[in-house]
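Dumped my_file_17.cif below, it's mmCIF, C-alpha atoms:
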```
data_input
#
loop_
_atom_site.label_atom_id
_atom_site.label_comp_id
_atom_site.auth_asym_id
_atom_site.auth_seq_id
_atom_site.Cartn_x
_atom_site.Cartn_y
_atom_site.Cartn_z
CA MET A 117 -16.15 -30.97 -13.55
CA SER A 118 -12.71 -29.76 -12.58
CA ALA A 119 -9.45 -31.41 -13.64
CA VAL A 120 -5.99 -30.14 -12.71
CA PHE A 121 -3.21 -30.99 -15.16
CA VAL A 122 0.20 -31.69 -13.62
CA HIS A 123 3.16 -32.19 -15.97
CA GLY A 124 5.80 -34.47 -14.49
CA ILE A 125 5.91 -36.83 -11.51
CA GLU A 126 8.11 -34.37 -9.58
CA ARG A 127 5.44 -31.68 -9.71
CA TYR A 128 2.81 -34.24 -8.77
CA ALA A 129 4.76 -35.41 -5.73
CA SER A 130 5.14 -31.84 -4.49
CA CYS A 131 1.45 -30.93 -4.71
CA CYS A 132 -0.58 -34.09 -4.22
CA GLU A 133 -0.77 -36.57 -1.38
CA GLY A 134 -3.03 -39.38 -0.22
CA PRO A 135 -4.41 -42.70 -1.51
CA ALA A 136 -5.99 -42.63 -4.95
CA ILE A 137 -8.05 -44.37 -7.58
CA VAL A 138 -5.93 -44.38 -10.73
CA THR A 139 -6.49 -44.96 -14.43
CA ILE A 140 -3.73 -45.02 -17.05
CA GLY A 141 -3.67 -44.63 -20.82
CA THR A 142 -2.97 -42.43 -23.81
CA PHE A 143 -6.70 -41.57 -24.00
CA ASP A 144 -6.34 -40.49 -27.62
CA GLY A 145 -9.78 -39.27 -28.61
CA ILE A 146 -11.37 -39.54 -25.14
CA HIS A 147 -13.96 -41.64 -26.96
CA LEU A 148 -16.94 -43.61 -25.67
CA GLY A 149 -14.72 -46.42 -24.40
CA HIS A 150 -12.51 -43.99 -22.50
CA GLN A 151 -15.59 -42.27 -21.13
CA GLU A 152 -16.83 -45.58 -19.73
CA ILE A 153 -13.55 -46.01 -17.83
CA LEU A 154 -13.71 -42.47 -16.51
CA GLN A 155 -17.29 -42.99 -15.40
CA ARG A 156 -16.19 -46.02 -13.36
CA VAL A 157 -13.41 -43.95 -11.81
CA ARG A 158 -15.91 -41.30 -10.81
CA GLN A 159 -18.44 -43.80 -9.44
CA THR A 160 -15.79 -45.60 -7.40
CA SER A 161 -14.49 -42.31 -6.01
CA GLU A 162 -17.99 -41.34 -4.90
CA VAL A 163 -18.32 -44.62 -2.99
CA THR A 164 -14.83 -44.73 -1.44
CA GLY A 165 -14.10 -41.03 -1.02
CA LEU A 166 -10.66 -41.52 -2.56
CA LYS A 167 -9.14 -38.89 -4.83
CA THR A 168 -8.81 -39.66 -8.53
CA VAL A 169 -5.74 -39.58 -10.77
CA LEU A 170 -5.58 -40.02 -14.53
CA VAL A 171 -2.10 -40.84 -15.82
CA THR A 172 -1.39 -40.13 -19.47
CA PHE A 173 1.68 -39.63 -21.66
CA GLU A 174 3.14 -36.95 -23.88
CA PRO A 175 4.24 -37.48 -26.57
CA HIS A 176 2.32 -40.52 -27.81
CA PRO A 177 4.34 -43.61 -26.78
CA ARG A 178 4.50 -44.94 -30.34
CA LEU A 179 6.72 -42.02 -31.34
CA LEU A 180 9.47 -43.91 -29.52
CA VAL A 181 8.19 -47.48 -29.61
CA SER A 182 7.38 -47.66 -33.34
CA PRO A 183 8.51 -44.41 -35.00
CA ASP A 184 7.83 -45.80 -38.49
CA ASP A 185 4.20 -46.48 -37.63
CA VAL A 186 2.96 -43.57 -35.51
CA PRO A 187 -0.76 -42.80 -35.71
CA LEU A 188 -1.91 -39.25 -36.21
CA LEU A 189 -3.56 -37.90 -33.09
CA LEU A 190 -7.28 -37.58 -32.49
CA THR A 191 -6.54 -35.29 -29.53
CA THR A 192 -3.38 -33.32 -28.87
CA ILE A 193 -2.43 -32.55 -25.28
CA GLU A 194 -4.10 -29.13 -25.59
CA GLU A 195 -7.28 -30.77 -26.81
CA LYS A 196 -7.16 -33.28 -23.95
CA GLU A 197 -7.09 -30.32 -21.59
CA ARG A 198 -10.29 -29.18 -23.29
CA PHE A 199 -12.20 -32.50 -23.24
CA ILE A 200 -11.00 -34.51 -20.23
CA PRO A 201 -12.71 -32.18 -17.71
CA ASP A 202 -16.04 -33.03 -19.35
CA PHE A 203 -15.70 -36.61 -18.10
CA PHE A 204 -13.18 -36.59 -15.26
CA GLU A 205 -12.68 -34.69 -12.02
CA GLY A 206 -9.34 -34.94 -10.26
CA THR A 207 -5.65 -34.76 -11.14
CA VAL A 208 -4.37 -35.47 -14.64
CA LEU A 209 -0.71 -36.50 -14.40
CA VAL A 210 1.07 -36.05 -17.74
CA LEU A 211 4.28 -38.11 -17.88
CA ASN A 212 6.99 -37.33 -20.40
CA PHE A 213 7.32 -40.52 -22.45
CA ASP A 214 11.08 -40.73 -22.94
CA GLU A 215 13.57 -43.59 -23.25
CA GLN A 216 13.72 -44.03 -19.49
CA LEU A 217 9.97 -44.45 -19.21
CA ARG A 218 9.84 -46.61 -22.33
CA ASN A 219 12.30 -49.10 -20.82
CA MET A 220 10.72 -49.20 -17.38
CA GLU A 221 9.57 -52.69 -16.44
CA PRO A 222 5.95 -53.03 -15.26
CA GLU A 223 6.98 -53.86 -11.69
CA GLN A 224 9.21 -50.80 -11.51
CA PHE A 225 6.51 -48.50 -12.92
CA VAL A 226 3.95 -49.86 -10.47
CA ARG A 227 6.27 -49.63 -7.47
CA GLU A 228 8.00 -46.31 -8.15
CA ILE A 229 5.17 -44.32 -9.70
CA LEU A 230 1.81 -45.85 -8.82
CA VAL A 231 2.58 -47.05 -5.30
CA ASP A 232 5.38 -44.84 -3.94
CA ARG A 233 4.50 -41.53 -5.63
CA ILE A 234 0.73 -41.66 -6.23
CA GLY A 235 -0.48 -44.04 -3.52
CA VAL A 236 -2.71 -46.20 -5.69
CA ARG A 237 -5.47 -48.15 -3.92
CA GLN A 238 -7.43 -49.14 -7.01
CA LEU A 239 -6.36 -49.25 -10.65
CA ILE A 240 -9.13 -49.07 -13.27
CA VAL A 241 -8.16 -49.88 -16.87
CA GLY A 242 -9.59 -51.15 -20.13
CA SER A 243 -9.51 -54.80 -21.13
CA ASP A 244 -6.70 -54.30 -23.68
CA HIS A 245 -4.41 -52.41 -21.33
CA GLY A 246 -0.67 -53.06 -21.37
CA LEU A 247 1.76 -51.26 -19.07
CA GLY A 248 5.53 -50.88 -19.00
CA LYS A 249 8.28 -52.05 -21.36
CA ASN A 250 6.86 -53.83 -24.42
CA ARG A 251 3.44 -53.64 -22.74
CA LYS A 252 4.42 -56.62 -20.59
CA GLY A 253 2.19 -55.37 -17.78
CA THR A 254 -0.86 -57.28 -18.97
CA ILE A 255 -4.05 -57.51 -16.94
CA SER A 256 -2.95 -60.78 -15.32
CA GLU A 257 0.48 -59.33 -14.49
CA LEU A 258 -1.12 -56.21 -13.02
CA GLN A 259 -3.37 -58.36 -10.85
CA LYS A 260 -0.28 -60.11 -9.45
CA LEU A 261 1.40 -56.76 -8.81
CA GLY A 262 -1.76 -55.48 -7.18
CA ASP A 263 -1.73 -58.43 -4.78
CA GLN A 264 1.92 -57.76 -3.95
CA HIS A 265 1.53 -54.03 -3.37
CA GLY A 266 -1.94 -53.89 -1.86
CA PHE A 267 -4.17 -52.39 -4.53
CA GLU A 268 -7.15 -53.71 -6.51
CA ILE A 269 -7.54 -54.00 -10.28
CA GLU A 270 -10.82 -53.34 -12.07
CA VAL A 271 -11.10 -54.09 -15.77
CA VAL A 272 -13.74 -52.18 -17.73
CA ALA A 273 -15.25 -54.02 -20.69
CA PRO A 274 -15.06 -52.31 -24.09
CA VAL A 275 -17.98 -50.25 -25.35
CA VAL A 276 -19.49 -51.97 -28.40
CA VAL A 277 -21.19 -49.96 -31.16
CA ASP A 278 -22.63 -51.69 -34.22
CA GLY A 279 -21.11 -55.00 -33.12
CA GLU A 280 -17.53 -53.71 -32.87
CA PRO A 281 -15.58 -52.28 -29.91
CA VAL A 282 -14.97 -48.56 -29.94
CA SER A 283 -11.27 -47.77 -30.26
CA SER A 284 -9.02 -44.92 -31.34
CA SER A 285 -7.88 -46.91 -34.39
CA ARG A 286 -11.48 -47.52 -35.45
CA ILE A 287 -12.21 -43.80 -35.23
CA ARG A 288 -9.10 -43.00 -37.26
CA ARG A 289 -10.27 -45.39 -39.98
CA ALA A 290 -13.67 -43.71 -40.08
CA MET A 291 -12.03 -40.29 -40.39
CA ILE A 292 -9.64 -41.35 -43.13
CA GLN A 293 -12.41 -43.09 -45.09
CA ASN A 294 -14.61 -39.96 -44.99
CA ARG A 295 -17.13 -41.42 -42.54
CA TYR A 296 -17.07 -38.33 -40.38
CA PRO A 297 -20.53 -38.73 -38.76
CA GLU A 298 -19.52 -42.23 -37.65
CA ALA A 299 -16.29 -40.90 -36.15
CA LEU A 300 -18.23 -38.28 -34.17
CA ARG A 301 -20.69 -40.90 -32.96
CA LEU A 302 -17.86 -43.11 -31.69
CA LEU A 303 -16.11 -40.18 -30.06
CA GLY A 304 -19.22 -39.09 -28.22
CA HIS A 305 -18.26 -35.42 -28.52
CA GLU A 306 -17.25 -32.82 -31.09
CA TYR A 307 -13.95 -33.08 -32.94
CA ALA A 308 -11.52 -30.31 -32.04
CA ILE A 309 -8.73 -28.67 -34.01
CA PHE A 310 -6.67 -26.47 -31.69
CA GLY A 311 -4.04 -24.01 -32.88
CA THR A 312 -2.75 -20.48 -33.20
CA VAL A 313 -4.14 -18.11 -35.82
CA GLU A 314 -1.49 -17.24 -38.40
CA LYS A 315 -1.39 -15.12 -41.52
CA GLY A 316 -2.48 -16.81 -44.73
CA ILE A 317 -2.26 -15.59 -48.30
CA GLY A 318 -5.06 -13.06 -47.65
CA LEU A 319 -7.30 -14.28 -50.47
CA GLY A 320 -10.38 -14.67 -48.28
CA LYS A 321 -10.18 -11.08 -47.09
CA LYS A 322 -9.78 -9.82 -50.67
CA LEU A 323 -12.89 -11.75 -51.68
CA GLY A 324 -14.92 -10.39 -48.77
CA TYR A 325 -14.76 -13.56 -46.67
CA PRO A 326 -11.79 -13.26 -44.28
CA THR A 327 -10.62 -16.47 -42.63
CA ALA A 328 -8.76 -17.41 -39.48
CA ASN A 329 -5.92 -19.70 -40.56
CA VAL A 330 -5.18 -22.23 -37.82
CA ARG A 331 -1.59 -23.41 -37.34
CA PHE A 332 -2.40 -26.92 -36.14
CA ASP A 333 -0.15 -29.62 -34.67
CA PRO A 334 1.48 -31.56 -37.55
CA ARG A 335 0.72 -34.79 -35.65
CA LYS A 336 -3.01 -34.02 -35.74
CA LEU A 337 -5.39 -36.15 -37.82
CA LEU A 338 -7.58 -33.84 -39.88
CA PRO A 339 -10.98 -34.71 -41.33
CA THR A 340 -11.16 -35.38 -45.06
CA GLU A 341 -10.35 -32.38 -47.26
CA GLY A 342 -13.38 -30.23 -47.95
CA VAL A 343 -15.75 -27.62 -46.54
CA TYR A 344 -17.53 -27.99 -43.19
CA ALA A 345 -20.02 -26.13 -41.06
CA CYS A 346 -18.22 -25.29 -37.83
CA TRP A 347 -18.13 -23.74 -34.39
CA VAL A 348 -15.06 -21.87 -33.18
CA GLU A 349 -14.07 -21.14 -29.59
CA ILE A 350 -12.11 -17.94 -28.97
CA GLY A 351 -11.48 -17.86 -25.25
CA ARG A 352 -14.99 -18.20 -23.86
CA ASP A 353 -16.63 -16.77 -26.97
CA CYS A 354 -18.33 -19.19 -29.38
CA ARG A 355 -18.85 -18.32 -33.04
CA GLN A 356 -20.53 -20.06 -35.95
CA GLY A 357 -18.80 -20.33 -39.28
CA VAL A 358 -17.79 -22.32 -42.29
CA MET A 359 -14.35 -23.86 -42.59
CA PHE A 360 -12.07 -25.24 -45.25
CA ILE A 361 -9.64 -28.08 -44.71
CA GLY A 362 -7.25 -28.99 -47.49
CA ARG A 363 -5.02 -27.70 -50.27
CA ASN A 364 -5.99 -24.21 -51.37
CA HIS A 365 -5.41 -24.28 -55.13
CA PHE A 366 -4.87 -20.49 -55.19
CA ASN A 367 -2.03 -20.86 -52.69
CA PRO A 368 1.38 -21.24 -54.37
CA GLN A 369 2.49 -23.41 -51.42
CA PRO A 370 1.04 -26.93 -51.82
CA ARG A 371 0.19 -27.56 -48.18
CA ILE A 372 -2.84 -28.47 -46.12
CA THR A 373 -4.49 -25.49 -44.46
CA VAL A 374 -7.31 -25.13 -41.94
CA GLU A 375 -9.26 -21.90 -42.43
CA ALA A 376 -12.46 -20.75 -40.73
CA HIS A 377 -14.69 -17.88 -41.86
CA LEU A 378 -16.71 -16.68 -38.86
CA PHE A 379 -20.13 -15.16 -39.34
CA GLU A 380 -20.68 -11.57 -38.16
CA PHE A 381 -17.15 -11.31 -36.83
CA ASP A 382 -14.49 -8.72 -37.64
CA ARG A 383 -11.88 -8.93 -34.84
CA ASP A 384 -8.17 -9.44 -35.50
CA LEU A 385 -7.25 -12.95 -34.28
CA TYR A 386 -3.61 -13.14 -35.34
CA ASP A 387 -1.45 -15.04 -32.81
CA GLN A 388 -4.47 -15.97 -30.70
CA LYS A 389 -5.19 -19.58 -29.75
CA ILE A 390 -8.54 -20.90 -30.93
CA THR A 391 -10.30 -24.24 -31.20
CA ALA A 392 -12.34 -25.06 -34.29
CA TYR A 393 -15.01 -27.78 -34.35
CA PRO A 394 -16.00 -29.00 -37.84
CA THR A 395 -19.50 -30.35 -37.23
CA CYS A 396 -20.83 -31.36 -40.64
CA PHE A 397 -19.25 -32.08 -44.04
CA ILE A 398 -20.68 -29.82 -46.79
CA ARG A 399 -18.67 -30.63 -49.92
CA GLU A 400 -15.37 -31.96 -51.20
CA ASN A 401 -12.37 -29.77 -52.03
CA ARG A 402 -12.16 -28.83 -55.68
CA LYS A 403 -10.22 -26.49 -57.94
CA PHE A 404 -11.78 -23.33 -59.39
CA ASP A 405 -10.56 -21.69 -62.59
CA ALA A 406 -11.28 -18.16 -61.37
CA THR A 407 -11.88 -16.38 -58.08
CA GLU A 408 -15.38 -15.36 -59.28
CA GLN A 409 -16.36 -19.03 -59.36
CA LEU A 410 -14.92 -19.48 -55.87
CA VAL A 411 -16.95 -16.53 -54.53
CA ARG A 412 -20.19 -17.98 -55.89
CA GLN A 413 -19.39 -21.33 -54.30
CA ILE A 414 -18.48 -19.71 -50.96
CA GLU A 415 -21.89 -18.02 -50.91
CA LYS A 416 -23.56 -21.40 -51.41
CA ASP A 417 -21.36 -22.97 -48.73
CA ILE A 418 -22.32 -20.27 -46.24
CA ASP A 419 -26.04 -20.70 -46.94
CA LYS A 420 -25.76 -24.44 -46.39
CA ALA A 421 -23.65 -24.00 -43.24
CA LEU A 422 -26.17 -21.56 -41.77
CA HIS A 423 -29.00 -24.02 -42.44
CA ILE A 424 -27.05 -26.83 -40.74
CA LEU A 425 -25.98 -24.71 -37.78
CA ARG A 426 -29.48 -23.39 -37.15
CA LYS A 427 -30.62 -26.97 -36.64
CA GLU A 428 -27.59 -27.80 -34.50
CA LYS A 429 -27.56 -24.65 -32.38
CA LEU A 430 -30.02 -25.64 -29.67
CA HIS A 431 -28.42 -29.05 -29.21
CA VAL A 432 -24.89 -27.65 -29.13
CA VAL A 433 -25.77 -24.88 -26.67
CA ASN A 434 -27.42 -27.39 -24.35
CA GLN A 435 -24.39 -29.69 -24.49
CA ARG A 436 -21.96 -26.86 -23.90
CA ALA A 437 -23.95 -25.60 -20.91
CA LYS A 438 -23.16 -28.88 -19.14
CA SER A 439 -19.44 -28.07 -19.07
CA SER A 440 -17.75 -25.13 -17.38
CA ASN A 441 -15.12 -25.31 -20.12
CA TYR A 442 -17.61 -24.43 -22.80
CA CYS A 443 -18.68 -20.87 -23.40
#
```
I need this file expressed as structure tokens, please.
Amino acid sequence: MSAVFVHGIERYASCCEGPAIVTIGTFDGIHLGHQEILQRVRQTSEVTGLKTVLVTFEPHPRLLVSPDDVPLLLTTIEEKERFIPDFFEGTVLVLNFDEQLRNMEPEQFVREILVDRIGVRQLIVGSDHGLGKNRKGTISELQKLGDQHGFEIEVVAPVVVDGEPVSSSRIRRAMIQNRYPEALRLLGHEYAIFGTVEKGIGLGKKLGYPTANVRFDPRKLLPTEGVYACWVEIGRDCRQGVMFIGRNHFNPQPRITVEAHLFEFDRDLYDQKITAYPTCFIRENRKFDATEQLVRQIEKDIDKALHILRKEKLHVVNQRAKSSNYC
């Protein structure tokens, strides 16, 4: 699929015209529930012939609405650009969530953005959707506004897995509680960590296992500290590896790092943007008294990662072949 990202309503108005099917949300995670909404958008577009528009926000609205209770992100805007095209074809309008947008009443948002600028003919949202200031644009309110402005509302029921609706908060809980396979199952795709490769302390290279240290978004939710089998995307090149997430006890700076050792790879990646996908948890993070102990453990980690990745490879390659964004 092909999705074009447009940042700002002004840029959208200058490049896009015509009636549209619209969906709105933060889409953090682009999980199974989001995918159901996007599937309905696609199906409706195929029937009506209308163009499709996905409206999302950057930064996450809760940075302004509840700054003392902001969730860490499942998907940054860069990661959305990676995953949304797997499930959506059309225009992705990214609105800057500032004080002006935060204080916009539902009627004003609908009239000025959805109707006047986008040309909405059908709005497709989830059952818990709330739009505008204080989320006052409930489903019933949106239905009234739709009647007034000449567009239809479709509400997509939540996707239920194991008796509970799939949601971004549920996935965050699974991640935090070290239930990583459950989080991946609810997401319906791999978990991405996007960032720029930066210099680390150089210990991996000294030990014979150089790593790419990923400078990730500080708002990003990381999996539980430990070692994982992984895939890494470098442009359109895909590489297998083993990655560490957590506090490196040999690093004098007590901070969380994300480091990936790529198999059969010796290129310089400094300052390049890469995306790492931890696929399977191997072991917890622990402290070693000497580097010799760490080397022996790294060798075991690599053997286990190779065993896991050999089993995963065919499935992953087949999945990636379905998307033009995968290598």
key: Atom pair atom CA of A:Gly357 / atom CA of A:Asp419: separation (Å)   = 10.5 Å
key: Residue list as a list of chain:residue names for point (-16.7, -39.0, -12.6), cut-off 7 Å, all atoms listed in the file   =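 Residues found, by chain and rising number: A:Leu154, A:Gln155, A:Val157, A:Arg158, A:Gln159, A:Phe203, A:Phe204, A:Glu205.
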inquiry  = Which residues would end up in the selection if the PyMOL selection byres ((chain A and resi 373) around 12) were applied here, given that I need the answer as number ranges by chain?
reply    = A: 309, 311, 313-317, 327-334, 338-343, 359-367, 369-372, 374-376, 401
ask   = Taking into account only C-alpha atoms, which residue in the set A:Ile390, A:Leu410, A:Leu258, A:Leu148 is nearest to A:Leu319?
value =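 Using only C-alpha atoms, A:Leu319 sits closest to A:Leu410.
With atom CA of A:Ile240 on one side and atom CA of A:Glu195 on the other, the separation reads 22.8 Å.
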note = Using only C-alpha atoms, the shortest atom-to-atom distance to A:Gly304 among A:Val277, A:Val163, A:Leu323, A:Leu422 belongs to A:Val277
message = I'd like the neighbourhood of A:Ile125 as a ChimeraX atom specification, where a residue qualifies if any of its atoms comes within 8 Å (using only C-alpha atoms), though same-chain residues fewer than 6 positions away should be ignored.
response = /A:209-211,229,233
Who sits within 9 Å of A:Glu268, all atoms listed in the file, same chain under 6 positions skipped, as a compact mmCIF listing (two decimals) with C-alpha atoms, in the coordinates of the input:
```txt
# COMPACT_ATOMS: atom_id res chain seq x y z
CA VAL A 236 -2.71 -46.20 -5.69
CA ARG A 237 -5.47 -48.15 -3.92
CA GLN A 238 -7.43 -49.14 -7.01
CA LEU A 239 -6.36 -49.25 -10.65
CA ILE A 240 -9.13 -49.07 -13.27
CA GLN A 259 -3.37 -58.36 -10.85
CA GLY A 262 -1.76 -55.48 -7.18
```
inquiry  = I'd like the residues picked by the PyMOL selection byres ((chain A and resi 153) around 12) written out as a ChimeraX atom specification, using the chain letters and numbers from the file.
reply    = /A:137-141,143,146-152,154-160,170,203-204,239-243,245,270-275
message = Using all atoms listed in the file, which protein or nucleic acid residues come within 12 Å of A:Asp278? Drop anything in the same chain fewer than 3 positions from it, and give the result as a VMD selection string.
response = chain A and resid 275 281 to 282 286 298 301 to 302
task = With the file shown as input, list the residues that the PyMOL selection byres ((chain A and resi 235) around 8) selects, as a PyMOL selection string.
result = chain A and resi 133-136+230-234+236-237
